[in-house]
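Worksheet for the structure shown next.
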Amino acid sequence: MLFPVLASKTYSRNLQYRASHAINTLASAVFGLIYVSIWRGIGESSAMEGYTVGSVVHYVALNQAFLWVTIFVTHGLAIERSVRTGQIAIELLRPVNLFYQLMCREWGQIAYQLLYKTMPIYLLYLFTLSLPVPSDASTWLGFIGAILSAAYISICINYLIGITSLWTTESQWLYWVHYSVSTVLSGFLIPIEWLPGWLQVVSRWTPYPYLQFIPSKIYLGLEPVTSMLGGLVWGAGFTLLCLFATAWARRQVEVQGG
């Protein structure tokens, strides 16, 4: 029962700020429309290998809509703040693994952002940009599975970023490095096929394509549903890394004086 309790607490806390969050949602929707306008202009003046102007518009719009559940999770899962205040020592003393605690809380955050940020933007683009709606149930299942694995991978990456603050006391810089790299390697800015050859290879050997590129391509029917399986493998690997980092962090706190 711990998972629903922690998740619901985070969800309920965010409900207090719906009005202010609406501004973020509106700004995000406007940014997406700007990106769409740019790509429409590019498509009218040059060839877009492997894509039509319409498919690129839909791809960009989907990426923008689901950015709030695949990339925009809490910076470092707020571990850095806990380290600075000393709260981390209490968190590690709880009879529940730190990673599990923070993961549960973050799922509540993601659920809130899905309902109050992603869905409004998605529905707006559905009517203004004529986003296609998959008619195949297997496509929907594959897309939902890909989005869930993307969110989980993002949680794990941010947990690993946050946990480094036990050694550095500052992990914000690492988050922004991760964010900058992800905008390129995840296919958010442009499809991975348009990256230079060597950068495509780098991207495909990282978890980043499973954050946005693969889910969007599955939704648009440009990738088979089975392509989401790679995200599950990355999720399993990150789970082991997070559990190992938690055990190591506990020893680090004890060395620093408990």
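Ordering of the structure tokens sets the chain letters (A, B, ...); residue numbers start at 1 within each chain; ligands are numbered from 1 in the order shown.
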
Which residues of region 91-166 of chain A have any atom within 10 Å of an atom in region 174-197 of chain A when counting only C-alpha atoms, and what is the closest pair of atoms for each, with the distance in Å to one decimal? Order the rows by chain and rising number and write it as a Markdown table.
```
| residue | atom | partner | partner_atom | distance |
| --- | --- | --- | --- | --- |
| A:Ile157 | CA | A:His178 | CA | 8.7 |
| A:Asn158 | CA | A:Tyr175 | CA | 7.3 |
| A:Leu160 | CA | A:Tyr175 | CA | 9.9 |
| A:Ile161 | CA | A:Tyr175 | CA | 6.5 |
| A:Gly162 | CA | A:Tyr175 | CA | 8.3 |
| A:Thr164 | CA | A:Leu174 | CA | 9.0 |
| A:Ser165 | CA | A:Leu174 | CA | 9.8 |
```

Once you have the residues from the selection above, write them out as a compact mmCIF listing (two decimals), in the first residue's frame, restricted to N, CA, C and O atoms.
```txt
# COMPACT_ATOMS: atom_id res chain seq x y z
N ILE A 157 17.31 7.92 -14.12
CA ILE A 157 18.43 8.81 -14.46
C ILE A 157 18.49 9.97 -13.48
O ILE A 157 19.57 10.34 -12.99
N ASN A 158 17.33 10.56 -13.16
CA ASN A 158 17.33 11.68 -12.23
C ASN A 158 17.68 11.24 -10.82
O ASN A 158 18.29 12.00 -10.06
N LEU A 160 19.85 8.87 -10.12
CA LEU A 160 21.31 8.72 -10.14
C LEU A 160 21.99 10.08 -10.14
O LEU A 160 23.05 10.26 -9.52
N ILE A 161 21.39 11.05 -10.83
CA ILE A 161 21.93 12.41 -10.81
C ILE A 161 21.83 12.99 -9.40
O ILE A 161 22.79 13.56 -8.88
N GLY A 162 20.67 12.83 -8.77
CA GLY A 162 20.49 13.38 -7.43
C GLY A 162 21.38 12.75 -6.40
O GLY A 162 21.91 13.44 -5.51
N THR A 164 24.30 11.71 -6.65
CA THR A 164 25.70 12.17 -6.71
C THR A 164 25.95 13.34 -5.76
O THR A 164 27.10 13.61 -5.41
N SER A 165 24.88 14.03 -5.35
CA SER A 165 25.06 15.18 -4.46
C SER A 165 25.57 14.76 -3.08
O SER A 165 26.03 15.60 -2.31
```

Alpha helix (DSSP H) per DSSP on the backbone: members of region 65-123 of chain A, as an NGL selection string: :A and (65-70 or 79-85 or 87-93 or 98-113 or 119-123)

Leu141 (chain A) environment, 9 Å, only C-alpha atoms, sequence neighbours closer than 5 positions dropped, as a PyMOL selection string: chain A and resi 136+146+225

A:Thr10, A:Thr168, A:Gln200, A:Gln64 ranked by distance to Met103 (chain A), top pick (using only C-alpha atoms):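 For Met103 (chain A), the nearest of the given residues is A:Thr10.
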
Residue contacts of His21 (chain A) (9 Å, only C-alpha atoms) excluding same-chain residues fewer than 6 positions away, as a PyMOL selection string: chain A and resi 14+116-117

Where does region 127-201 of chain A meet region 227-247 of chain A within 9 Å, residue by residue, with the nearest atom pair and distance in Å to one decimal for each, counting only C-alpha atoms, listed by chain and rising number, as a Markdown table?
```
| residue | atom | partner | partner_atom | distance |
| --- | --- | --- | --- | --- |
| A:Gly142 | CA | A:Met228 | CA | 6.9 |
| A:Phe143 | CA | A:Met228 | CA | 8.0 |
| A:Gly145 | CA | A:Met228 | CA | 7.2 |
| A:Ala146 | CA | A:Met228 | CA | 5.3 |
| A:Ser149 | CA | A:Gly231 | CA | 5.8 |
| A:Ala150 | CA | A:Gly231 | CA | 6.9 |
| A:Tyr152 | CA | A:Gly235 | CA | 6.7 |
| A:Ile153 | CA | A:Gly235 | CA | 5.4 |
| A:Cys156 | CA | A:Phe238 | CA | 6.1 |
| A:Ile157 | CA | A:Phe238 | CA | 7.6 |
| A:Tyr159 | CA | A:Cys242 | CA | 7.1 |
| A:Leu160 | CA | A:Cys242 | CA | 6.4 |
| A:Ile163 | CA | A:Ala245 | CA | 7.3 |
| A:Thr164 | CA | A:Ala245 | CA | 8.9 |
```

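Among A:Pro207, A:Gly76, A:Pro215, A:Gly108, the residue with the shortest atom-to-atom distance to Leu6 (chain A), counting only C-alpha atoms, is A:Gly108.
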
Computed interatomic separation between CA of Pro224 (chain A) and CA of Leu129 (chain A) (Å): 23.9 Å
